[in-house]
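Q: As input, take model08.tsv (TSV, C-alpha atoms):
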```
chain	number	residue	atom	x	y	z
A	1	MET	CA	3.05	8.65	-17.95
A	2	ALA	CA	0.16	6.88	-19.61
A	3	ARG	CA	0.72	3.40	-20.95
A	4	GLN	CA	1.54	3.48	-24.65
A	5	GLY	CA	0.20	1.21	-27.32
A	6	GLY	CA	-2.82	0.59	-29.52
A	7	ARG	CA	-6.36	-0.03	-28.36
A	8	THR	CA	-8.22	-3.32	-28.62
A	9	ALA	CA	-11.76	-2.91	-29.90
A	10	GLY	CA	-14.30	-3.65	-27.18
A	11	ALA	CA	-11.77	-4.11	-24.37
A	12	LEU	CA	-12.72	-2.74	-20.97
A	13	ARG	CA	-10.56	0.22	-20.02
A	14	ALA	CA	-9.18	1.18	-16.61
A	15	LEU	CA	-7.27	4.24	-15.44
A	16	VAL	CA	-4.99	3.65	-12.44
A	17	ILE	CA	-3.70	6.75	-10.65
A	18	THR	CA	-0.75	6.39	-8.29
A	19	GLY	CA	1.49	8.89	-6.50
A	20	SER	CA	5.29	8.81	-6.69
A	21	VAL	CA	5.89	9.54	-3.01
A	22	GLY	CA	7.98	6.55	-1.96
A	23	ALA	CA	7.55	3.31	-3.92
A	24	GLY	CA	4.57	1.64	-2.25
A	25	HIS	CA	1.78	3.39	-4.16
A	26	ASN	CA	3.56	2.80	-7.46
A	27	GLY	CA	4.20	-0.86	-6.67
A	28	ALA	CA	0.54	-1.56	-5.92
A	29	ALA	CA	-0.56	0.31	-9.05
A	30	ALA	CA	1.88	-1.57	-11.26
A	31	GLU	CA	0.76	-4.95	-9.92
A	32	LEU	CA	-2.91	-4.05	-10.33
A	33	ILE	CA	-2.28	-3.08	-13.95
A	34	ARG	CA	-0.43	-6.33	-14.58
A	35	ARG	CA	-3.36	-8.34	-13.23
A	36	LEU	CA	-5.97	-6.35	-15.11
A	37	GLU	CA	-4.10	-6.74	-18.38
A	38	ALA	CA	-3.80	-10.49	-17.74
A	39	MET	CA	-7.62	-10.51	-17.52
A	40	GLY	CA	-7.91	-8.77	-20.89
A	41	LEU	CA	-8.50	-5.20	-19.74
A	42	GLU	CA	-6.56	-2.20	-21.01
A	43	ALA	CA	-5.08	-0.20	-18.16
A	44	ASP	CA	-3.35	3.18	-18.23
A	45	TYR	CA	-1.03	4.45	-15.49
A	46	ARG	CA	-0.89	8.05	-14.27
A	47	ASP	CA	1.09	9.77	-11.53
A	48	PHE	CA	-1.05	12.15	-9.46
A	49	LEU	CA	1.94	14.45	-8.99
A	50	ASP	CA	1.99	15.11	-12.74
A	51	ALA	CA	-1.37	16.88	-12.35
A	52	LEU	CA	0.07	19.36	-9.83
A	53	PRO	CA	1.88	22.65	-10.41
A	54	ARG	CA	5.62	22.14	-10.25
A	55	HIS	CA	6.12	23.83	-6.87
A	56	GLN	CA	3.45	21.68	-5.20
A	57	ARG	CA	4.90	18.58	-6.80
A	58	LEU	CA	8.30	19.33	-5.29
A	59	VAL	CA	6.85	20.12	-1.88
A	60	LEU	CA	4.85	16.89	-1.78
A	61	ARG	CA	7.68	14.65	-2.93
A	62	ARG	CA	10.59	16.24	-1.06
A	63	GLY	CA	8.60	17.42	1.93
A	64	TYR	CA	7.59	13.86	2.79
A	65	ALA	CA	11.16	12.62	3.06
A	66	LEU	CA	12.43	15.78	4.76
A	67	THR	CA	9.84	15.93	7.53
A	68	ALA	CA	9.64	12.17	8.13
A	69	SER	CA	13.43	11.96	8.58
A	70	HIS	CA	14.42	15.31	10.08
A	71	LEU	CA	11.24	16.84	11.51
A	72	PRO	CA	9.35	13.84	12.88
A	73	ALA	CA	7.26	15.88	15.32
A	74	VAL	CA	6.05	18.10	12.46
A	75	PHE	CA	5.34	15.08	10.27
A	76	ASP	CA	3.35	13.41	13.06
A	77	TRP	CA	1.42	16.63	13.79
A	78	PHE	CA	0.48	17.05	10.14
A	79	PHE	CA	-0.66	13.42	9.91
A	80	ARG	CA	-2.82	13.62	13.03
A	81	CYS	CA	-4.30	16.98	12.08
A	82	GLY	CA	-5.40	15.44	8.80
A	83	GLU	CA	-7.93	13.37	10.74
A	84	ARG	CA	-9.96	16.44	11.74
A	85	ASP	CA	-10.97	19.79	10.30
A	86	SER	CA	-7.79	21.81	10.69
A	87	LEU	CA	-5.33	24.04	8.91
A	88	ALA	CA	-3.28	21.00	7.92
A	89	ARG	CA	-6.30	19.33	6.34
A	90	ARG	CA	-7.31	22.50	4.51
A	91	LEU	CA	-3.80	22.80	3.07
A	92	THR	CA	-3.91	19.18	1.98
A	93	LEU	CA	-7.28	19.59	0.29
A	94	ARG	CA	-5.96	22.69	-1.47
A	95	VAL	CA	-3.32	20.49	-3.08
A	96	CYS	CA	-6.02	18.01	-4.10
A	97	THR	CA	-8.04	20.85	-5.62
A	98	ALA	CA	-5.02	22.05	-7.60
A	99	ALA	CA	-4.88	18.68	-9.33
A	100	ARG	CA	-8.52	18.62	-10.41
A	101	SER	CA	-8.00	20.12	-13.86
A	102	GLY	CA	-5.20	17.74	-14.75
A	103	VAL	CA	-7.00	14.66	-13.43
A	104	ALA	CA	-10.22	15.70	-15.19
A	105	GLY	CA	-8.25	15.77	-18.43
A	106	TRP	CA	-7.11	12.19	-17.88
A	107	ILE	CA	-10.53	10.77	-17.10
A	108	GLY	CA	-12.15	12.33	-20.14
A	109	ASP	CA	-10.83	9.56	-22.36
A	110	GLY	CA	-13.69	7.09	-22.00
A	111	TYR	CA	-12.55	4.88	-19.13
A	112	ASP	CA	-14.90	2.23	-17.75
A	113	VAL	CA	-13.38	2.40	-14.24
A	114	VAL	CA	-10.94	4.66	-12.41
A	115	VAL	CA	-8.76	3.40	-9.53
A	116	THR	CA	-6.31	5.14	-7.24
A	117	THR	CA	-3.64	3.79	-4.89
A	118	PHE	CA	-2.77	7.27	-3.54
A	119	PRO	CA	-4.76	9.10	-0.82
A	120	PHE	CA	-4.49	12.62	-2.28
A	121	ALA	CA	-5.96	11.31	-5.53
A	122	ALA	CA	-8.88	9.79	-3.61
A	123	GLN	CA	-9.93	13.29	-2.54
A	124	THR	CA	-9.58	14.71	-6.04
A	125	LEU	CA	-11.53	11.87	-7.62
A	126	GLY	CA	-14.24	12.12	-4.97
A	127	ALA	CA	-14.70	15.82	-5.71
A	128	LEU	CA	-14.93	15.08	-9.43
A	129	LYS	CA	-17.55	12.42	-8.73
A	130	GLU	CA	-19.57	14.88	-6.66
A	131	ASP	CA	-19.66	17.58	-9.34
A	132	GLY	CA	-20.50	15.09	-12.11
A	133	THR	CA	-17.23	15.44	-14.04
A	134	LEU	CA	-16.38	11.80	-13.30
A	135	THR	CA	-19.19	9.33	-13.96
A	136	ALA	CA	-17.29	6.05	-14.25
A	137	PRO	CA	-17.17	3.74	-11.20
A	138	THR	CA	-14.27	4.83	-9.01
A	139	VAL	CA	-12.29	2.71	-6.56
A	140	CYS	CA	-9.74	3.60	-3.89
A	141	TYR	CA	-7.25	0.89	-2.90
A	142	LEU	CA	-5.62	1.64	0.48
A	143	THR	CA	-1.98	0.59	0.49
A	144	ASP	CA	-1.52	1.36	4.22
A	145	PRO	CA	-2.48	-1.09	6.98
A	146	ALA	CA	-4.04	1.79	8.96
A	147	PRO	CA	-6.91	3.76	7.42
A	148	HIS	CA	-6.73	7.55	7.48
A	149	ARG	CA	-9.30	10.19	6.65
A	150	LEU	CA	-7.34	11.29	3.59
A	151	TRP	CA	-7.97	7.89	1.99
A	152	VAL	CA	-11.73	8.21	2.42
A	153	HIS	CA	-14.26	10.01	0.25
A	154	PRO	CA	-17.92	8.93	0.43
A	155	ALA	CA	-18.56	9.75	-3.24
A	156	LEU	CA	-16.25	6.93	-4.32
A	157	ASP	CA	-17.86	3.63	-5.22
A	158	ALA	CA	-15.56	1.38	-3.18
A	159	HIS	CA	-12.68	1.47	-0.71
A	160	LEU	CA	-10.56	-1.68	-0.89
A	161	THR	CA	-7.95	-2.74	1.67
A	162	VAL	CA	-5.23	-5.36	1.94
A	163	THR	CA	-6.58	-7.04	5.10
A	164	GLU	CA	-9.85	-7.55	6.92
A	165	ALA	CA	-8.36	-5.72	9.91
A	166	THR	CA	-7.93	-2.51	7.92
A	167	ALA	CA	-11.40	-2.81	6.41
A	168	ALA	CA	-13.04	-3.31	9.80
A	169	GLU	CA	-11.15	-0.40	11.39
A	170	GLY	CA	-11.88	1.96	8.52
A	171	THR	CA	-15.56	1.08	8.31
A	172	ALA	CA	-16.06	1.55	12.05
A	173	ARG	CA	-14.13	4.83	12.20
A	174	TYR	CA	-15.47	6.61	9.12
A	175	GLY	CA	-18.83	4.99	8.40
A	176	VAL	CA	-17.81	4.34	4.80
A	177	ALA	CA	-17.74	0.66	3.92
A	178	MET	CA	-14.35	-0.88	3.21
A	179	ALA	CA	-13.70	-4.41	1.97
A	180	ALA	CA	-10.59	-6.57	2.06
A	181	ALA	CA	-9.34	-7.25	-1.46
A	182	GLY	CA	-5.96	-8.81	-0.71
A	183	PRO	CA	-2.39	-7.67	-1.32
A	184	LEU	CA	-1.18	-6.24	-4.62
A	185	ALA	CA	2.30	-7.72	-4.80
A	186	PRO	CA	3.94	-9.86	-7.51
A	187	GLN	CA	3.26	-13.59	-7.35
A	188	ALA	CA	7.01	-14.18	-7.05
A	189	PHE	CA	6.61	-13.44	-3.34
A	190	ALA	CA	4.03	-16.21	-2.96
A	191	ARG	CA	6.19	-19.06	-4.20
A	192	THR	CA	7.48	-21.62	-1.72
A	193	PRO	CA	11.15	-20.87	-0.94
A	194	ASP	CA	13.66	-23.34	-2.38
A	195	PRO	CA	15.80	-24.61	0.54
A	196	ALA	CA	18.96	-24.94	-1.54
A	197	GLU	CA	18.55	-21.46	-3.01
A	198	CYS	CA	17.96	-20.01	0.47
A	199	ARG	CA	21.05	-21.71	1.91
A	200	ALA	CA	23.16	-20.41	-0.95
A	201	LEU	CA	21.94	-16.84	-0.51
A	202	ARG	CA	22.44	-16.90	3.26
A	203	ALA	CA	25.97	-18.18	2.74
A	204	GLU	CA	26.63	-15.46	0.17
A	205	LEU	CA	25.43	-12.84	2.68
A	206	GLY	CA	27.53	-14.33	5.46
A	207	VAL	CA	24.64	-15.44	7.68
A	208	PRO	CA	25.74	-18.47	9.77
A	209	GLU	CA	23.51	-21.54	9.52
A	210	ASP	CA	22.70	-21.46	13.24
A	211	HIS	CA	21.75	-17.75	13.22
A	212	ARG	CA	18.46	-16.03	12.55
A	213	MET	CA	18.31	-13.82	9.45
A	214	ALA	CA	16.30	-10.64	10.12
A	215	LEU	CA	15.52	-8.75	6.93
A	216	VAL	CA	15.32	-5.06	7.90
A	217	VAL	CA	13.39	-2.94	5.39
A	218	THR	CA	13.39	0.85	5.29
A	219	GLY	CA	11.36	1.67	2.18
A	220	SER	CA	12.76	3.05	-1.03
A	221	LEU	CA	13.88	6.26	0.75
A	222	GLY	CA	15.53	4.68	3.79
A	223	LEU	CA	13.58	6.79	6.29
A	224	GLY	CA	13.68	6.79	10.09
A	225	ASP	CA	16.23	6.01	12.78
A	226	VAL	CA	17.40	2.90	10.98
A	227	VAL	CA	20.78	2.59	12.67
A	228	ALA	CA	19.22	2.44	16.14
A	229	GLY	CA	16.87	-0.26	14.94
A	230	VAL	CA	19.69	-2.24	13.33
A	231	ARG	CA	21.73	-2.17	16.52
A	232	ALA	CA	18.78	-3.45	18.52
A	233	VAL	CA	18.23	-6.28	16.04
A	234	ARG	CA	21.91	-7.20	16.13
A	235	ALA	CA	21.80	-7.30	19.94
A	236	ALA	CA	19.26	-10.12	19.85
A	237	GLU	CA	20.87	-13.51	20.38
A	238	LYS	CA	22.18	-15.18	17.23
A	239	THR	CA	20.53	-12.69	14.90
A	240	VAL	CA	22.06	-11.12	11.80
A	241	PRO	CA	20.37	-7.98	10.44
A	242	VAL	CA	20.33	-7.86	6.64
A	243	VAL	CA	19.33	-4.29	5.82
A	244	LEU	CA	17.68	-3.06	2.64
A	245	CYS	CA	18.67	0.61	2.46
A	246	GLY	CA	16.64	1.39	-0.64
A	247	ARG	CA	18.10	4.21	-2.70
A	248	ASN	CA	19.52	6.04	0.32
A	249	ARG	CA	23.28	5.96	-0.27
A	250	ARG	CA	24.04	7.81	2.96
A	251	LEU	CA	22.16	5.17	4.93
A	252	LEU	CA	23.99	2.43	3.04
A	253	ARG	CA	27.32	3.88	4.16
A	254	GLN	CA	26.12	4.21	7.76
A	255	VAL	CA	24.81	0.65	7.98
A	256	SER	CA	27.89	-0.74	6.24
A	257	ALA	CA	29.97	0.62	9.12
A	258	GLU	CA	27.97	-1.39	11.66
A	259	PRO	CA	29.70	-4.64	12.70
A	260	GLY	CA	27.83	-7.90	12.36
A	261	THR	CA	25.43	-6.33	9.86
A	262	VAL	CA	24.83	-6.85	6.13
A	263	ALA	CA	23.99	-3.62	4.27
A	264	LEU	CA	22.34	-3.84	0.86
A	265	GLY	CA	21.34	-1.13	-1.58
A	266	TRP	CA	18.49	-1.33	-4.07
A	267	ARG	CA	17.81	-4.99	-4.91
A	268	ASP	CA	15.71	-6.75	-7.52
A	269	ASP	CA	15.78	-10.12	-5.75
A	270	VAL	CA	13.62	-9.20	-2.77
A	271	PRO	CA	11.36	-12.28	-3.18
A	272	THR	CA	14.44	-14.49	-2.78
A	273	LEU	CA	15.66	-12.45	0.19
A	274	MET	CA	12.29	-12.86	1.86
A	275	GLY	CA	12.39	-16.55	1.12
A	276	ALA	CA	15.76	-16.84	2.85
A	277	ALA	CA	14.89	-14.66	5.86
A	278	ASP	CA	13.39	-15.87	9.13
A	279	VAL	CA	11.67	-12.62	10.09
A	280	LEU	CA	11.06	-9.14	8.68
A	281	VAL	CA	11.61	-5.91	10.63
A	282	HIS	CA	9.86	-2.86	9.17
A	283	ASN	CA	9.45	0.75	10.28
A	284	ALA	CA	6.61	2.04	8.09
A	285	GLY	CA	4.19	-0.70	7.06
A	286	GLY	CA	4.55	0.01	3.35
A	287	LEU	CA	5.06	-2.13	0.27
A	288	SER	CA	7.67	-4.39	1.88
A	289	LEU	CA	5.24	-5.32	4.65
A	290	THR	CA	2.62	-6.18	2.03
A	291	GLU	CA	5.15	-8.31	0.17
A	292	ALA	CA	6.00	-10.09	3.43
A	293	LEU	CA	2.30	-10.88	3.94
A	294	VAL	CA	2.26	-12.51	0.51
A	295	ALA	CA	5.48	-14.39	1.26
A	296	GLY	CA	4.16	-15.53	4.63
A	297	LEU	CA	7.23	-14.02	6.28
A	298	PRO	CA	6.44	-13.09	9.91
A	299	ALA	CA	7.05	-9.43	10.69
A	300	VAL	CA	7.89	-7.13	13.60
A	301	SER	CA	7.40	-3.34	13.76
A	302	TYR	CA	10.28	-1.44	15.38
A	303	GLU	CA	11.60	2.14	15.52
A	304	VAL	CA	8.66	3.06	13.33
A	305	ILE	CA	8.54	6.45	11.68
A	306	PRO	CA	5.94	8.95	12.96
A	307	GLY	CA	2.55	9.56	11.39
A	308	HIS	CA	1.39	6.71	9.21
A	309	GLY	CA	4.26	4.48	10.39
A	310	GLN	CA	3.03	4.48	13.98
A	311	ALA	CA	-0.60	4.22	12.89
A	312	ASN	CA	0.26	1.21	10.72
A	313	ALA	CA	2.21	-0.43	13.53
A	314	ALA	CA	-0.74	-0.01	15.90
A	315	THR	CA	-3.19	-1.58	13.43
A	316	LEU	CA	-0.87	-4.49	12.68
A	317	ALA	CA	-0.29	-5.15	16.39
A	318	ALA	CA	-3.99	-4.98	17.26
A	319	ALA	CA	-4.76	-7.46	14.48
A	320	GLY	CA	-2.07	-9.87	15.63
A	321	ILE	CA	-0.23	-9.56	12.33
A	322	ALA	CA	3.00	-7.93	13.59
A	323	PRO	CA	3.93	-7.07	17.19
A	324	TRP	CA	5.24	-3.60	18.00
A	325	PRO	CA	7.98	-3.87	20.67
A	326	ARG	CA	9.31	-0.61	22.12
A	327	THR	CA	12.61	-1.70	23.71
A	328	PRO	CA	15.56	-3.84	22.55
A	329	GLU	CA	14.60	-6.47	25.12
A	330	GLU	CA	11.02	-6.61	23.82
A	331	LEU	CA	12.35	-6.70	20.27
A	332	ALA	CA	14.52	-9.74	21.00
A	333	GLU	CA	11.49	-11.59	22.38
A	334	ALA	CA	9.33	-10.59	19.42
A	335	LEU	CA	11.95	-11.65	16.88
A	336	ALA	CA	12.25	-15.09	18.46
A	337	ALA	CA	8.48	-15.55	18.72
A	338	GLN	CA	7.76	-14.43	15.17
A	339	ALA	CA	10.58	-16.48	13.64
A	340	ASP	CA	9.32	-19.57	15.49
A	341	ARG	CA	5.92	-19.15	13.79
A	342	GLY	CA	7.34	-20.06	10.40
A	343	ARG	CA	5.53	-19.09	7.23
A	344	VAL	CA	2.02	-17.73	7.90
A	345	ARG	CA	0.00	-16.53	4.91
A	346	LEU	CA	-3.15	-14.44	4.82
A	347	PRO	CA	-6.44	-16.34	4.51
A	348	ALA	CA	-7.66	-16.68	0.94
A	349	LEU	CA	-10.45	-14.34	-0.13
A	350	PRO	CA	-13.74	-15.61	-1.58
A	351	ALA	CA	-13.63	-15.98	-5.35
A	352	GLY	CA	-14.31	-12.68	-7.07
A	353	TYR	CA	-13.30	-10.43	-4.17
A	354	GLU	CA	-9.62	-9.99	-5.11
A	355	ALA	CA	-8.74	-6.40	-6.02
A	356	ALA	CA	-8.30	-6.97	-9.76
A	357	ARG	CA	-11.54	-8.98	-9.99
A	358	VAL	CA	-13.49	-6.27	-8.17
A	359	VAL	CA	-12.03	-3.54	-10.38
A	360	ALA	CA	-12.83	-5.57	-13.49
A	361	ALA	CA	-16.39	-6.04	-12.25
A	362	PHE	CA	-16.74	-2.29	-11.76
A	363	ALA	CA	-15.34	-1.75	-15.26
A	364	ARG	CA	-18.02	-4.02	-16.69
A	365	GLN	CA	-20.64	-2.11	-14.72
A	366	GLY	CA	-19.27	1.16	-16.07
A	367	ARG	CA	-19.40	-0.11	-19.64
A	368	GLU	CA	-22.93	-1.47	-19.26
A	369	LEU	CA	-24.25	1.68	-17.63
A	370	ARG	CA	-22.75	3.84	-20.38
A	371	HIS	CA	-24.75	1.78	-22.86
A	372	GLY	CA	-27.95	1.92	-20.81
A	373	ALA	CA	-28.02	-1.71	-19.69
A	374	GLY	CA	-29.80	-2.84	-16.57
A	375	ALA	CA	-28.68	-5.08	-13.71
A	376	LEU	CA	-25.53	-7.07	-14.22
A	377	CYS	CA	-24.73	-10.72	-13.67
A	378	ASP	CA	-21.40	-11.94	-15.03
A	379	PRO	CA	-20.45	-15.61	-14.43
A	380	ALA	CA	-16.86	-14.74	-15.43
A	381	PHE	CA	-16.39	-13.25	-11.97
A	382	GLY	CA	-17.61	-16.35	-10.19
A	383	ARG	CA	-20.78	-14.83	-8.72
A	384	PRO	CA	-23.51	-12.34	-9.60
A	385	PHE	CA	-21.96	-8.89	-9.86
A	386	GLY	CA	-24.63	-7.44	-7.57
A	387	ALA	CA	-23.34	-9.57	-4.68
A	388	VAL	CA	-19.93	-7.93	-4.97
A	389	LEU	CA	-21.46	-4.45	-4.93
A	390	ASP	CA	-23.72	-5.32	-2.01
A	391	ARG	CA	-20.74	-6.36	0.07
A	392	LEU	CA	-18.65	-3.33	-0.86
A	393	ARG	CA	-21.47	-0.86	-0.21
A	394	LEU	CA	-22.49	-2.25	3.18
A	395	ARG	CA	-23.54	0.65	5.44
A	396	ARG	CA	-22.42	3.25	2.90
A	397	PRO	CA	-23.88	6.66	3.89
A	398	ARG	CA	-26.17	8.42	1.41
A	399	ARG	CA	-24.59	11.84	1.77
A	400	ALA	CA	-21.05	12.99	2.40
A	401	GLU	CA	-21.99	14.91	5.52
A	402	GLU	CA	-23.34	11.72	7.16
A	403	ALA	CA	-19.86	10.19	7.13
A	404	GLY	CA	-18.06	13.24	8.49
A	405	VAL	CA	-15.23	12.75	6.01
A	406	ALA	CA	-16.06	15.23	3.24
```
Could you quickly redo this structure as structure tokens?
A:
Amino acid sequence: MARQGGRTAGALRALVITGSVGAGHNGAAAELIRRLEAMGLEADYRDFLDALPRHQRLVLRRGYALTASHLPAVFDWFFRCGERDSLARRLTLRVCTAARSGVAGWIGDGYDVVVTTFPFAAQTLGALKEDGTLTAPTVCYLTDPAPHRLWVHPALDAHLTVTEATAAEGTARYGVAMAAAGPLAPQAFARTPDPAECRALRAELGVPEDHRMALVVTGSLGLGDVVAGVRAVRAAEKTVPVVLCGRNRRLLRQVSAEPGTVALGWRDDVPTLMGAADVLVHNAGGLSLTEALVAGLPAVSYEVIPGHGQANAATLAAAGIAPWPRTPEELAEALAAQADRGRVRLPALPAGYEAARVVAAFARQGRELRHGAGALCDPAFGRPFGAVLDRLRLRRPRRAEEAGVA
């Protein structure tokens, strides 16, 4: 649903399109909107699924959870086929085409910049850019650690990523420039943990002082073979798994039956939980992993779900961000090594290259171009605007067919 409220005369306007499949895309979109509004922009929020016919909306939302949990081989096949011209990709693009009319209706309201945090929407917006329906600068923000062809459309003005590792991998693979723009997670995750607060929470959860607290995250849907992963974590010496089961009540019951394990449902105090934990164990590389990067909480990938989960784990391992052990013995070693690292935060980005700053710069460009202005230079963003664009457009192909991703 679009954000409600009056308009401020002269304010730059942004449209942020997410996709309510899981919580990660929504979380990034919500944080981007918060930051843009703090900078004085007006930002509206739309769910890509609302632009789809009802039957496609249900298939996309329910099909993701069903195949990822119960048909992992099918889910993995569909994900891998999406990287090449195939039946799976054609079906996916058909869904993106079905949303074009609805999305075109949203963008016709005079926005200075359009942003998406959802890969299907990237394809729809790219097609609208190509046919001239969408003229405002358009940005795709990749929420996954691993790039995928569905995220990429050469007609878009910029592809932003959380880390340099993702940007480098995506640029090399697809020939479309990507730039690291940092995590989109609430600043509550960045605060230094209070030792007394952490001790109190660990005591409340029943984690002994001389034990390691492993925060096991499963996404909002609680996908994957979580119980097997929990048992492997518990088998590590002096380690207590504290499991966030999301909104999956069945998983909550299953994990609650596991001895030596703390099972939690949906929580609003995740920043505090991450502050109290020694290490994070994830199986998908979604929003919780991004939040851990902001918190500086070292992470381990284990029992990862197929498709994007395995792709994310591979990228994180190759970049040295989170190891990907395959056996309980390897997991125990990885948990100890990562916990011993202590808090490790991502390197700070140059001023002006954070996601909200880049989007705001594109919004200013969009506004100026609509009014026929020439080159831009805005000291408010800490550097000439052209320098930001030059970096984001490095090696950008001139035509879609040159990138092989159309």
Q: Tell me, as a PyMOL selection string, which residues lie within 6 Å of range 354-361 of chain A, counting all atoms listed in the file; anything in the same chain fewer than 6 positions away does not count.
A: chain A and resi 36+181-182
Q: Report the centre and edge lengths, in Å to one decimal, of an axis-aligned box enclosing every atom of range 349-354 of chain A listed in the file, padded by 5 Å on each side, as AutoDock Vina command-line options.
A:
```
--center_x -12.0 --center_y -13.0 --center_z -3.6 --size_x 14.7 --size_y 16.0 --size_z 16.9
```
Q: List as a VMD selection string the protein and nucleic acid residues near Ala51 in chain A, meaning an atom at most 10 Å away when only C-alpha atoms are counted, but skip any in the same chain fewer than 5 places from it.
A: chain A and resid 46 56 to 57 96 98 to 106 121
Q: Which residues come within 7 Å of Ala165 in chain A, counting all atoms listed in the file, excluding same-chain residues fewer than 3 positions away, as JSON, numbers by chain?
A: {"A": [168, 169, 319]}
Q: Set out as JSON lines a contact list for range 117-207 of chain A and range 253-274 of chain A with a cut-off of 9 Å, giving each residue of range 117-207 of chain A that qualifies its closest atom pair and distance in Å to one decimal, counting only C-alpha atoms, ordered by chain and rising residue number.
A:
```
{"residue": "A:Pro186", "atom": "CA", "partner": "A:Pro271", "partner_atom": "CA", "distance": 8.9}
{"residue": "A:Ala188", "atom": "CA", "partner": "A:Pro271", "partner_atom": "CA", "distance": 6.1}
{"residue": "A:Phe189", "atom": "CA", "partner": "A:Pro271", "partner_atom": "CA", "distance": 4.9}
{"residue": "A:Ala190", "atom": "CA", "partner": "A:Pro271", "partner_atom": "CA", "distance": 8.3}
{"residue": "A:Arg191", "atom": "CA", "partner": "A:Pro271", "partner_atom": "CA", "distance": 8.6}
{"residue": "A:Pro193", "atom": "CA", "partner": "A:Thr272", "partner_atom": "CA", "distance": 7.4}
{"residue": "A:Asp194", "atom": "CA", "partner": "A:Thr272", "partner_atom": "CA", "distance": 8.9}
{"residue": "A:Glu197", "atom": "CA", "partner": "A:Thr272", "partner_atom": "CA", "distance": 8.1}
{"residue": "A:Cys198", "atom": "CA", "partner": "A:Thr272", "partner_atom": "CA", "distance": 7.3}
{"residue": "A:Leu201", "atom": "CA", "partner": "A:Leu273", "partner_atom": "CA", "distance": 7.7}
{"residue": "A:Arg202", "atom": "CA", "partner": "A:Leu273", "partner_atom": "CA", "distance": 8.7}
{"residue": "A:Leu205", "atom": "CA", "partner": "A:Val262", "partner_atom": "CA", "distance": 6.9}
{"residue": "A:Gly206", "atom": "CA", "partner": "A:Val262", "partner_atom": "CA", "distance": 8.0}
{"residue": "A:Val207", "atom": "CA", "partner": "A:Val262", "partner_atom": "CA", "distance": 8.7}
```
Q: For Leu142 in chain A, which residue among A:Ala277, A:Ala179, A:Ile305, A:Ala155 is the nearest when counting all atoms listed in the file?
A: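 Closest to Leu142 in chain A of all the choices is A:Ala179.
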Q: Might you pull out every residue within 10 Å of Glu329 in chain A, with only C-alpha atoms counted and same-chain residues fewer than 2 positions away left off, and present them as a list in words?
A: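 The neighbour list is Ala232, Val233, Ala235, Ala236, Pro325, Arg326, Thr327, Leu331, Ala332, Glu333 and Ala334 of chain A.
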Q: Take the point (10.3, -4.2, 8.7) as written in the file and pick out every residue within 7 Å of it, counting all atoms listed in the file; give the list as a count of residues only.
A: 11
Q: Please build the interface table for range 23-67 of chain A against range 8-14 of chain A with a cut-off of 9 Å, listing for each qualifying residue the nearest atom pair and the distance in Å to one decimal; count all atoms listed in the file, order rows by chain and increasing number, and write it as a tab-separated table.
A:
```
residue	atom	partner	partner_atom	distance
A:Ile33	CA	A:Ala14	CA	8.5
A:Leu36	CA	A:Ala14	CA	8.3
A:Gly40	CA	A:Ala11	CA	7.0
A:Leu41	CA	A:Leu12	CA	5.0
A:Glu42	CA	A:Arg13	CA	4.8
A:Ala43	CA	A:Ala14	CA	4.6
A:Asp44	CA	A:Ala14	CA	6.4
A:Tyr45	CA	A:Ala14	CA	8.9
```
Q: At what distance in Å, to one decimal, does CA of Glu31 in chain A lie from CA of Ala146 in chain A?
A: 20.6 Å
Q: Within 10 Å of (0.9, 0.0, -2.9), only C-alpha atoms: residues as a ChimeraX atom specification?
A: /A:18-19,22-32,116-118,141-144,162,183-185,286-288,290-291
Q: With C-alpha atoms retained, export the selected residues as a compact mmCIF listing (two decimals), in the coordinates of the input.
A:
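What ended up in out.txt:
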```txt
# COMPACT_ATOMS: atom_id res chain seq x y z
CA THR A 18 -0.75 6.39 -8.29
CA GLY A 19 1.49 8.89 -6.50
CA GLY A 22 7.98 6.55 -1.96
CA ALA A 23 7.55 3.31 -3.92
CA GLY A 24 4.57 1.64 -2.25
CA HIS A 25 1.78 3.39 -4.16
CA ASN A 26 3.56 2.80 -7.46
CA GLY A 27 4.20 -0.86 -6.67
CA ALA A 28 0.54 -1.56 -5.92
CA ALA A 29 -0.56 0.31 -9.05
CA ALA A 30 1.88 -1.57 -11.26
CA GLU A 31 0.76 -4.95 -9.92
CA LEU A 32 -2.91 -4.05 -10.33
CA THR A 116 -6.31 5.14 -7.24
CA THR A 117 -3.64 3.79 -4.89
CA PHE A 118 -2.77 7.27 -3.54
CA TYR A 141 -7.25 0.89 -2.90
CA LEU A 142 -5.62 1.64 0.48
CA THR A 143 -1.98 0.59 0.49
CA ASP A 144 -1.52 1.36 4.22
CA VAL A 162 -5.23 -5.36 1.94
CA PRO A 183 -2.39 -7.67 -1.32
CA LEU A 184 -1.18 -6.24 -4.62
CA ALA A 185 2.30 -7.72 -4.80
CA GLY A 286 4.55 0.01 3.35
CA LEU A 287 5.06 -2.13 0.27
CA SER A 288 7.67 -4.39 1.88
CA THR A 290 2.62 -6.18 2.03
CA GLU A 291 5.15 -8.31 0.17
```
Q: Go ahead and compute the interatomic distance for CA of Leu150 in chain A and CA of Thr124 in chain A, in Å to one decimal.
A: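 So the two atoms, CA of Leu150 in chain A and CA of Thr124 in chain A, lie 10.5 Å apart.
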Q: Find the residue from A:Val139, A:Ala363, A:Val226, A:Leu369 that sits nearest to Pro119 in chain A; use only C-alpha atoms when measuring.
A: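 The answer is A:Val139, which sits nearest to Pro119 in chain A.
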Q: Looking at only C-alpha atoms, which of A:Asp112, A:Glu204, A:Glu368, A:Asp278 is the one that sits closest to Gly296 in chain A?
A: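 Checking each candidate against Gly296 in chain A, we get A:Asp278 as the closest.
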